[in-house]
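> The following file, data.txt, comprises compact mmCIF, N, CA and C atoms:
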```
# COMPACT_ATOMS: atom_id res chain seq x y z
N MET W 23 -163.18 71.17 -23.35
CA MET W 23 -162.09 70.35 -23.86
C MET W 23 -162.30 70.08 -25.35
N ASN W 24 -161.28 70.32 -26.14
CA ASN W 24 -161.38 70.13 -27.58
C ASN W 24 -161.22 68.67 -27.95
N THR W 25 -161.99 68.26 -28.93
CA THR W 25 -161.87 66.91 -29.47
C THR W 25 -160.74 66.90 -30.48
N PRO W 26 -159.85 65.92 -30.44
CA PRO W 26 -158.78 65.85 -31.44
C PRO W 26 -159.38 65.72 -32.85
N ARG W 27 -158.78 66.44 -33.79
CA ARG W 27 -159.21 66.37 -35.18
C ARG W 27 -158.15 65.64 -35.99
N ARG W 28 -158.56 64.60 -36.69
CA ARG W 28 -157.63 63.75 -37.44
C ARG W 28 -157.76 64.05 -38.93
N TYR W 29 -156.63 64.25 -39.56
CA TYR W 29 -156.57 64.50 -41.00
C TYR W 29 -155.73 63.40 -41.65
N PRO W 30 -156.37 62.49 -42.39
CA PRO W 30 -155.58 61.45 -43.07
C PRO W 30 -154.74 62.05 -44.19
N SER W 31 -153.67 61.38 -44.52
CA SER W 31 -152.81 61.82 -45.61
C SER W 31 -153.49 61.59 -46.94
N ALA W 32 -153.27 62.51 -47.87
CA ALA W 32 -153.67 62.26 -49.25
C ALA W 32 -152.80 61.11 -49.74
N VAL W 33 -153.37 60.25 -50.57
CA VAL W 33 -152.62 59.10 -51.08
C VAL W 33 -152.42 59.28 -52.57
N SER W 34 -151.19 59.24 -52.99
CA SER W 34 -150.85 59.31 -54.40
C SER W 34 -150.81 57.89 -54.94
N TYR W 35 -151.77 57.58 -55.78
CA TYR W 35 -151.83 56.22 -56.29
C TYR W 35 -150.67 55.92 -57.23
N ALA W 36 -149.94 56.96 -57.62
CA ALA W 36 -148.72 56.75 -58.40
C ALA W 36 -147.69 55.97 -57.60
N LEU W 37 -147.80 56.00 -56.27
CA LEU W 37 -146.90 55.21 -55.43
C LEU W 37 -147.19 53.71 -55.57
N PHE W 38 -148.43 53.38 -55.88
CA PHE W 38 -148.80 51.98 -55.98
C PHE W 38 -148.31 51.35 -57.28
N ILE W 39 -148.21 52.13 -58.35
CA ILE W 39 -147.85 51.58 -59.66
C ILE W 39 -146.47 50.92 -59.65
N PRO W 40 -145.40 51.60 -59.17
CA PRO W 40 -144.10 50.92 -59.13
C PRO W 40 -144.11 49.70 -58.20
N MET W 41 -144.88 49.82 -57.10
CA MET W 41 -144.95 48.69 -56.17
C MET W 41 -145.63 47.49 -56.85
N LEU W 42 -146.73 47.73 -57.54
CA LEU W 42 -147.43 46.64 -58.23
C LEU W 42 -146.56 46.06 -59.35
N PHE W 43 -145.84 46.90 -60.06
CA PHE W 43 -144.95 46.44 -61.11
C PHE W 43 -143.86 45.53 -60.54
N SER W 44 -143.27 45.97 -59.42
CA SER W 44 -142.22 45.17 -58.77
C SER W 44 -142.79 43.84 -58.28
N PHE W 45 -144.00 43.89 -57.71
CA PHE W 45 -144.62 42.66 -57.24
C PHE W 45 -144.90 41.72 -58.41
N GLY W 46 -145.34 42.27 -59.51
CA GLY W 46 -145.61 41.45 -60.70
C GLY W 46 -144.37 40.75 -61.19
N ILE W 47 -143.26 41.49 -61.26
CA ILE W 47 -141.99 40.89 -61.70
C ILE W 47 -141.55 39.80 -60.74
N ALA W 48 -141.63 40.08 -59.43
CA ALA W 48 -141.23 39.08 -58.44
C ALA W 48 -142.12 37.85 -58.51
N LEU W 49 -143.42 38.07 -58.67
CA LEU W 49 -144.35 36.95 -58.76
C LEU W 49 -144.07 36.11 -60.01
N PHE W 50 -143.84 36.78 -61.13
CA PHE W 50 -143.51 36.07 -62.36
C PHE W 50 -142.22 35.27 -62.19
N ALA W 51 -141.21 35.88 -61.55
CA ALA W 51 -139.94 35.18 -61.33
C ALA W 51 -140.16 33.96 -60.43
N GLY W 52 -141.01 34.11 -59.41
CA GLY W 52 -141.30 32.98 -58.52
C GLY W 52 -141.99 31.85 -59.25
N ILE W 53 -142.94 32.19 -60.10
CA ILE W 53 -143.65 31.16 -60.87
C ILE W 53 -142.71 30.51 -61.88
N TYR W 54 -141.91 31.33 -62.55
CA TYR W 54 -141.00 30.82 -63.57
C TYR W 54 -139.95 29.89 -62.99
N THR W 55 -139.43 30.23 -61.80
CA THR W 55 -138.37 29.41 -61.21
C THR W 55 -138.91 28.33 -60.29
N GLY W 56 -140.20 28.43 -59.94
CA GLY W 56 -140.79 27.46 -59.03
C GLY W 56 -140.51 27.75 -57.57
N GLU W 57 -139.97 28.90 -57.26
CA GLU W 57 -139.64 29.30 -55.89
C GLU W 57 -140.78 30.11 -55.28
N TYR W 58 -141.93 29.47 -55.12
CA TYR W 58 -143.12 30.18 -54.63
C TYR W 58 -142.98 30.65 -53.19
N VAL W 59 -142.48 29.79 -52.32
CA VAL W 59 -142.45 30.09 -50.89
C VAL W 59 -141.51 31.27 -50.58
N PRO W 60 -140.25 31.27 -51.03
CA PRO W 60 -139.39 32.42 -50.71
C PRO W 60 -139.94 33.74 -51.27
N VAL W 61 -140.43 33.69 -52.50
CA VAL W 61 -140.98 34.91 -53.11
C VAL W 61 -142.21 35.37 -52.34
N GLY W 62 -143.07 34.45 -51.95
CA GLY W 62 -144.26 34.78 -51.17
C GLY W 62 -143.90 35.41 -49.83
N ILE W 63 -142.88 34.88 -49.18
CA ILE W 63 -142.44 35.43 -47.88
C ILE W 63 -141.90 36.85 -48.05
N VAL W 64 -141.10 37.07 -49.08
CA VAL W 64 -140.55 38.41 -49.33
C VAL W 64 -141.68 39.39 -49.64
N LEU W 65 -142.59 39.02 -50.52
CA LEU W 65 -143.69 39.92 -50.88
C LEU W 65 -144.59 40.23 -49.69
N ALA W 66 -144.91 39.23 -48.90
CA ALA W 66 -145.74 39.45 -47.71
C ALA W 66 -145.04 40.37 -46.71
N SER W 67 -143.73 40.19 -46.56
CA SER W 67 -142.97 41.05 -45.64
C SER W 67 -142.99 42.50 -46.10
N ILE W 68 -142.83 42.70 -47.38
CA ILE W 68 -142.86 44.06 -47.91
C ILE W 68 -144.24 44.68 -47.71
N LEU W 69 -145.29 43.92 -47.97
CA LEU W 69 -146.65 44.43 -47.77
C LEU W 69 -146.89 44.82 -46.32
N VAL W 70 -146.43 44.01 -45.39
CA VAL W 70 -146.63 44.29 -43.97
C VAL W 70 -145.92 45.59 -43.56
N LEU W 71 -144.81 45.89 -44.19
CA LEU W 71 -144.08 47.11 -43.87
C LEU W 71 -144.59 48.35 -44.60
N VAL W 72 -144.95 48.20 -45.87
CA VAL W 72 -145.28 49.36 -46.70
C VAL W 72 -146.74 49.78 -46.62
N LEU W 73 -147.66 48.85 -46.67
CA LEU W 73 -149.09 49.23 -46.70
C LEU W 73 -149.55 50.05 -45.50
N PRO W 74 -149.15 49.72 -44.26
CA PRO W 74 -149.57 50.59 -43.16
C PRO W 74 -149.07 52.02 -43.30
N MET W 75 -147.87 52.20 -43.86
CA MET W 75 -147.37 53.55 -44.05
C MET W 75 -148.20 54.32 -45.08
N LEU W 76 -148.62 53.64 -46.13
CA LEU W 76 -149.42 54.31 -47.15
C LEU W 76 -150.85 54.57 -46.68
N LEU W 77 -151.41 53.65 -45.94
CA LEU W 77 -152.83 53.74 -45.61
C LEU W 77 -153.12 54.32 -44.23
N ASN W 78 -152.14 54.37 -43.35
CA ASN W 78 -152.38 54.86 -41.98
C ASN W 78 -151.56 56.09 -41.61
N THR W 79 -151.13 56.85 -42.59
CA THR W 79 -150.43 58.09 -42.29
C THR W 79 -151.48 59.17 -42.06
N ALA W 80 -151.37 59.86 -40.91
CA ALA W 80 -152.37 60.86 -40.54
C ALA W 80 -151.76 61.91 -39.64
N TYR W 81 -152.47 63.03 -39.56
CA TYR W 81 -152.02 64.18 -38.77
C TYR W 81 -153.18 64.55 -37.85
N THR W 82 -152.92 64.57 -36.55
CA THR W 82 -153.97 64.85 -35.57
C THR W 82 -153.64 66.12 -34.82
N ILE W 83 -154.63 67.02 -34.77
CA ILE W 83 -154.48 68.23 -33.98
C ILE W 83 -155.19 67.96 -32.67
N ASP W 84 -154.40 67.87 -31.62
CA ASP W 84 -154.91 67.55 -30.29
C ASP W 84 -154.54 68.70 -29.36
N GLY W 85 -155.52 69.54 -29.09
CA GLY W 85 -155.24 70.73 -28.29
C GLY W 85 -154.35 71.66 -29.09
N GLU W 86 -153.14 71.92 -28.59
CA GLU W 86 -152.21 72.80 -29.29
C GLU W 86 -151.00 72.03 -29.82
N VAL W 87 -151.21 70.75 -30.10
CA VAL W 87 -150.12 69.90 -30.59
C VAL W 87 -150.56 69.23 -31.89
N LEU W 88 -149.67 69.26 -32.88
CA LEU W 88 -149.86 68.53 -34.12
C LEU W 88 -149.11 67.22 -33.99
N LYS W 89 -149.85 66.11 -34.00
CA LYS W 89 -149.24 64.78 -33.87
C LYS W 89 -149.18 64.13 -35.25
N ILE W 90 -147.99 63.75 -35.65
CA ILE W 90 -147.78 63.19 -36.98
C ILE W 90 -147.45 61.71 -36.83
N ARG W 91 -148.22 60.88 -37.50
CA ARG W 91 -148.03 59.43 -37.45
C ARG W 91 -147.91 58.90 -38.88
N SER W 92 -147.01 57.98 -39.08
CA SER W 92 -146.85 57.34 -40.38
C SER W 92 -146.88 55.84 -40.16
N GLY W 93 -147.98 55.24 -40.56
CA GLY W 93 -148.14 53.81 -40.35
C GLY W 93 -148.28 53.50 -38.87
N LEU W 94 -147.44 52.64 -38.39
CA LEU W 94 -147.47 52.25 -36.99
C LEU W 94 -146.51 53.07 -36.13
N ILE W 95 -145.82 54.02 -36.77
CA ILE W 95 -144.77 54.78 -36.09
C ILE W 95 -145.26 56.17 -35.70
N LYS W 96 -145.01 56.53 -34.45
CA LYS W 96 -145.24 57.90 -34.00
C LYS W 96 -144.08 58.70 -34.56
N PHE W 97 -144.36 59.59 -35.50
CA PHE W 97 -143.29 60.28 -36.20
C PHE W 97 -142.80 61.50 -35.44
N LYS W 98 -143.70 62.42 -35.10
CA LYS W 98 -143.27 63.65 -34.48
C LYS W 98 -144.47 64.38 -33.90
N ASP W 99 -144.24 65.10 -32.81
CA ASP W 99 -145.22 66.02 -32.24
C ASP W 99 -144.65 67.43 -32.41
N VAL W 100 -145.48 68.32 -32.95
CA VAL W 100 -145.06 69.70 -33.18
C VAL W 100 -146.01 70.62 -32.43
N GLY W 101 -145.48 71.47 -31.59
CA GLY W 101 -146.30 72.47 -30.91
C GLY W 101 -146.80 73.48 -31.93
N ILE W 102 -148.10 73.66 -32.03
CA ILE W 102 -148.67 74.55 -33.03
C ILE W 102 -148.21 75.99 -32.80
N ALA W 103 -147.96 76.36 -31.55
CA ALA W 103 -147.46 77.70 -31.25
C ALA W 103 -146.08 77.94 -31.85
N THR W 104 -145.33 76.87 -32.16
CA THR W 104 -143.98 77.03 -32.72
C THR W 104 -143.98 77.10 -34.24
N ILE W 105 -145.14 76.85 -34.88
CA ILE W 105 -145.22 76.89 -36.34
C ILE W 105 -145.15 78.34 -36.81
N THR W 106 -144.24 78.59 -37.76
CA THR W 106 -144.08 79.96 -38.27
C THR W 106 -144.68 80.14 -39.66
N ARG W 107 -144.59 79.11 -40.51
CA ARG W 107 -145.17 79.25 -41.85
C ARG W 107 -145.47 77.88 -42.47
N ILE W 108 -146.35 77.93 -43.48
CA ILE W 108 -146.75 76.74 -44.23
C ILE W 108 -146.64 77.08 -45.71
N GLU W 109 -145.94 76.23 -46.46
CA GLU W 109 -145.76 76.45 -47.89
C GLU W 109 -146.01 75.17 -48.65
N LYS W 110 -146.49 75.31 -49.89
CA LYS W 110 -146.61 74.15 -50.77
C LYS W 110 -145.20 73.75 -51.19
N THR W 111 -144.97 72.46 -51.33
CA THR W 111 -143.65 71.98 -51.74
C THR W 111 -143.78 70.84 -52.75
N GLN W 112 -142.81 70.73 -53.60
CA GLN W 112 -142.72 69.62 -54.55
C GLN W 112 -141.57 68.68 -54.16
N SER W 113 -141.08 68.85 -52.95
CA SER W 113 -139.96 68.05 -52.47
C SER W 113 -140.32 66.56 -52.48
N LEU W 114 -139.41 65.76 -52.99
CA LEU W 114 -139.61 64.32 -53.00
C LEU W 114 -138.84 63.63 -51.89
N LEU W 115 -138.32 64.44 -50.97
CA LEU W 115 -137.60 63.86 -49.83
C LEU W 115 -138.51 62.94 -49.04
N SER W 116 -137.93 61.99 -48.40
CA SER W 116 -138.69 61.08 -47.55
C SER W 116 -139.44 61.89 -46.50
N ALA W 117 -140.72 61.57 -46.34
CA ALA W 117 -141.55 62.34 -45.42
C ALA W 117 -142.75 61.49 -45.00
N PRO W 118 -143.36 61.84 -43.88
CA PRO W 118 -144.60 61.14 -43.49
C PRO W 118 -145.77 61.65 -44.32
N ALA W 119 -145.69 61.40 -45.62
CA ALA W 119 -146.71 61.86 -46.56
C ALA W 119 -146.90 60.76 -47.60
N ALA W 120 -148.14 60.33 -47.78
CA ALA W 120 -148.44 59.25 -48.72
C ALA W 120 -148.78 59.79 -50.10
N SER W 121 -148.43 61.03 -50.36
CA SER W 121 -148.67 61.64 -51.65
C SER W 121 -147.37 62.26 -52.15
N LEU W 122 -147.19 62.22 -53.45
CA LEU W 122 -146.00 62.85 -54.03
C LEU W 122 -146.30 64.25 -54.53
N THR W 123 -147.58 64.59 -54.70
CA THR W 123 -147.93 65.87 -55.32
C THR W 123 -148.61 66.86 -54.38
N ASP W 124 -149.38 66.42 -53.43
CA ASP W 124 -150.15 67.32 -52.57
C ASP W 124 -149.45 67.57 -51.25
N ARG W 125 -148.22 67.99 -51.30
CA ARG W 125 -147.41 68.14 -50.09
C ARG W 125 -147.30 69.59 -49.65
N ILE W 126 -147.26 69.77 -48.35
CA ILE W 126 -146.98 71.08 -47.78
C ILE W 126 -145.82 70.92 -46.80
N GLU W 127 -145.08 71.99 -46.65
CA GLU W 127 -143.97 71.98 -45.68
C GLU W 127 -144.33 72.91 -44.54
N ILE W 128 -144.23 72.38 -43.34
CA ILE W 128 -144.51 73.15 -42.14
C ILE W 128 -143.18 73.51 -41.49
N PHE W 129 -142.97 74.82 -41.32
CA PHE W 129 -141.76 75.31 -40.67
C PHE W 129 -142.09 75.63 -39.23
N TYR W 130 -141.25 75.16 -38.31
CA TYR W 130 -141.50 75.38 -36.89
C TYR W 130 -140.17 75.55 -36.18
N ASN W 131 -140.26 76.03 -34.93
CA ASN W 131 -139.06 76.39 -34.18
C ASN W 131 -138.22 77.35 -35.03
N ARG W 132 -136.93 77.29 -34.91
CA ARG W 132 -136.12 78.23 -35.66
C ARG W 132 -135.67 77.67 -37.00
N PHE W 133 -135.26 76.40 -37.04
CA PHE W 133 -134.70 75.84 -38.26
C PHE W 133 -135.35 74.52 -38.68
N ASP W 134 -136.44 74.13 -38.05
CA ASP W 134 -137.03 72.82 -38.31
C ASP W 134 -138.17 72.92 -39.32
N SER W 135 -138.36 71.84 -40.08
CA SER W 135 -139.50 71.75 -40.98
C SER W 135 -139.83 70.29 -41.19
N ILE W 136 -141.06 70.05 -41.62
CA ILE W 136 -141.51 68.70 -41.92
C ILE W 136 -142.49 68.77 -43.09
N VAL W 137 -142.42 67.79 -43.97
CA VAL W 137 -143.29 67.72 -45.14
C VAL W 137 -144.41 66.73 -44.85
N ILE W 138 -145.66 67.17 -45.08
CA ILE W 138 -146.83 66.31 -44.86
C ILE W 138 -147.79 66.51 -46.03
N SER W 139 -148.85 65.70 -46.07
CA SER W 139 -149.83 65.81 -47.16
C SER W 139 -151.25 65.53 -46.67
N PRO W 140 -151.84 66.45 -45.88
CA PRO W 140 -153.21 66.20 -45.43
C PRO W 140 -154.19 66.20 -46.61
N LYS W 141 -155.11 65.24 -46.60
CA LYS W 141 -156.09 65.12 -47.68
C LYS W 141 -156.94 66.38 -47.78
N ASN W 142 -157.47 66.87 -46.68
CA ASN W 142 -158.29 68.07 -46.67
C ASN W 142 -157.41 69.23 -46.20
N ARG W 143 -156.55 69.67 -47.12
CA ARG W 143 -155.53 70.66 -46.79
C ARG W 143 -156.10 71.98 -46.28
N SER W 144 -157.17 72.48 -46.91
CA SER W 144 -157.71 73.78 -46.50
C SER W 144 -158.30 73.73 -45.09
N ALA W 145 -159.00 72.65 -44.73
CA ALA W 145 -159.53 72.50 -43.37
C ALA W 145 -158.40 72.35 -42.36
N PHE W 146 -157.36 71.62 -42.74
CA PHE W 146 -156.20 71.43 -41.87
C PHE W 146 -155.55 72.78 -41.57
N ILE W 147 -155.31 73.57 -42.61
CA ILE W 147 -154.66 74.87 -42.42
C ILE W 147 -155.55 75.81 -41.62
N ALA W 148 -156.86 75.79 -41.88
CA ALA W 148 -157.79 76.62 -41.11
C ALA W 148 -157.74 76.24 -39.64
N ASP W 149 -157.63 74.96 -39.37
CA ASP W 149 -157.53 74.48 -37.98
C ASP W 149 -156.25 74.99 -37.32
N ILE W 150 -155.14 74.92 -38.04
CA ILE W 150 -153.86 75.43 -37.51
C ILE W 150 -153.98 76.93 -37.24
N LEU W 151 -154.56 77.67 -38.19
CA LEU W 151 -154.68 79.12 -38.04
C LEU W 151 -155.62 79.52 -36.90
N SER W 152 -156.61 78.67 -36.61
CA SER W 152 -157.51 79.00 -35.50
C SER W 152 -156.78 78.91 -34.16
N ILE W 153 -155.71 78.13 -34.12
CA ILE W 153 -154.92 78.00 -32.89
C ILE W 153 -153.76 78.99 -32.89
N ASN W 154 -153.13 79.19 -34.04
CA ASN W 154 -152.00 80.11 -34.15
C ASN W 154 -152.19 80.99 -35.38
N PRO W 155 -152.91 82.12 -35.22
CA PRO W 155 -153.18 82.98 -36.36
C PRO W 155 -151.94 83.68 -36.92
N ALA W 156 -150.80 83.60 -36.25
CA ALA W 156 -149.58 84.24 -36.72
C ALA W 156 -148.86 83.43 -37.79
N VAL W 157 -149.34 82.23 -38.10
CA VAL W 157 -148.69 81.39 -39.11
C VAL W 157 -148.85 82.04 -40.48
N ALA W 158 -147.73 82.21 -41.18
CA ALA W 158 -147.77 82.73 -42.56
C ALA W 158 -148.06 81.57 -43.49
N VAL W 159 -149.06 81.73 -44.36
CA VAL W 159 -149.46 80.68 -45.29
C VAL W 159 -149.25 81.18 -46.70
N SER W 160 -148.47 80.44 -47.48
CA SER W 160 -148.23 80.79 -48.87
C SER W 160 -149.55 80.77 -49.63
N GLN W 161 -149.74 81.69 -50.58
CA GLN W 161 -150.96 81.73 -51.38
C GLN W 161 -151.14 80.47 -52.21
N LEU W 162 -150.07 79.79 -52.54
CA LEU W 162 -150.15 78.59 -53.35
C LEU W 162 -150.70 77.39 -52.60
N VAL W 163 -150.82 77.50 -51.29
CA VAL W 163 -151.24 76.36 -50.47
C VAL W 163 -152.74 76.11 -50.59
N ASN W 164 -153.56 77.13 -50.47
CA ASN W 164 -155.01 76.91 -50.46
C ASN W 164 -155.55 76.65 -51.79
```
Please render this file's structure as structure tokens.

Amino acid sequence: MNTPRRYPSAVSYALFIPMLFSFGIALFAGIYTGEYVPVGIVLASILVLVLPMLLNTAYTIDGEVLKIRSGLIKFKDVGIATITRIEKTQSLLSAPAASLTDRIEIFYNRFDSIVISPKNRSAFIADILSINPAVAVSQLVN
């Protein structure tokens, strides 16, 4: 029986800069207006929603299934046998990926694809290929 292998998402710290800037402005506005409690509630709510997505996004290979999780949400399960190709992408579309630059797109089934960003991309791809050697991998990926 194979042990599931977990690959955390690469994290682009550039995602934190706009968030910190927004928090700074909101905090300054709260201090300036004296509205500490409403601003604190809004900021805490945003943190509770956003931080788990940034810090707990991961991809697990369990047997012949790729399980994709983003934060507290089970995003998608993809049968590794259905994966046809893997390519590097610069797509900024919403995706279960905590990085803006280290993204790959996995094509599966006939018309489906998903963008992810495993931190250890080469080990992740090697793991996929060990299960489905027919997957075409773009040279730009490794």
> Just how far from atom CA of Ile108 of chain W is atom C of Phe129 of chain W, in Å to one decimal?
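Straight-line distance from atom C of Phe129 of chain W to atom CA of Ile108 of chain W works out to 6.9 Å.
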> Which polymer residues, protein or nucleic acid, are no farther than 12 Å from (-159.9, 73.8, -26.6), counting only C-alpha atoms, as a list in words?
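Answer for this query, in the requested form: Met23, Asn24, Thr25, Pro26, Arg27, Ile83, Asp84, Gly85, Glu86, Val87, Asp149, Ser152 and Ile153 of chain W.
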> Here is a test: counting only N, CA and C atoms, which residue of W:Gln161, W:Asn142, W:Ser31, W:Ser135 is nearest to Tyr81 of chain W?
W:Ser31
> Name the closest residue to Ala119 of chain W among the candidates W:Pro30, W:Pro60, W:Gly46, W:Gly52; distances are taken between atoms, counting only C-alpha atoms.
W:Pro30
> Can you list, as a PyMOL selection string, all residues belonging to segment 33-139 of chain W that DSSP tags as strand (DSSP E or B)?
chain W and resi 80-84+87-92+95-101+105-111+125-130+134-138
> My list of candidates is W:Ser34, W:Lys96, W:Leu88, W:Tyr29. Which is closest to Asp124 of chain W when distances are computed with all atoms listed in the file?
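Closest to Asp124 of chain W, using all atoms listed in the file: W:Ser34.
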> Near segment 105-107 of chain W, within 6 Å and counting all atoms listed in the file, which residues show up once chain neighbours fewer than 2 positions away are dropped, as a count of residues only?
13
> If you measure from atom C of Arg125 of chain W to atom C of Ile39 of chain W, what distance in Å do you get, rounded to one decimal?
21.2 Å
> So what do you get for atom CA of Ser121 of chain W versus atom CA of Thr104 of chain W, distance-wise?
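According to the coordinates, atom CA of Ser121 of chain W and atom CA of Thr104 of chain W are separated by 24.8 Å.
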> W:Ser113, W:Ala80, W:Leu42, W:Pro74: which is nearest Leu94 of chain W, counting only N, CA and C atoms?
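Looking at the shortest contact to Leu94 of chain W, the residue is W:Pro74.
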> May I ask which of the residues W:Ile90, W:Leu151, W:Leu114, W:Ile136 is the closest one to Arg28 of chain W, counting only C-alpha atoms?
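The closest residue to Arg28 of chain W is W:Ile90.
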> Based on the backbone DSSP call, show me all residues of segment 73-152 of chain W assigned alpha helix (DSSP H), as a PyMOL selection string.
chain W and resi 73-77+143-152
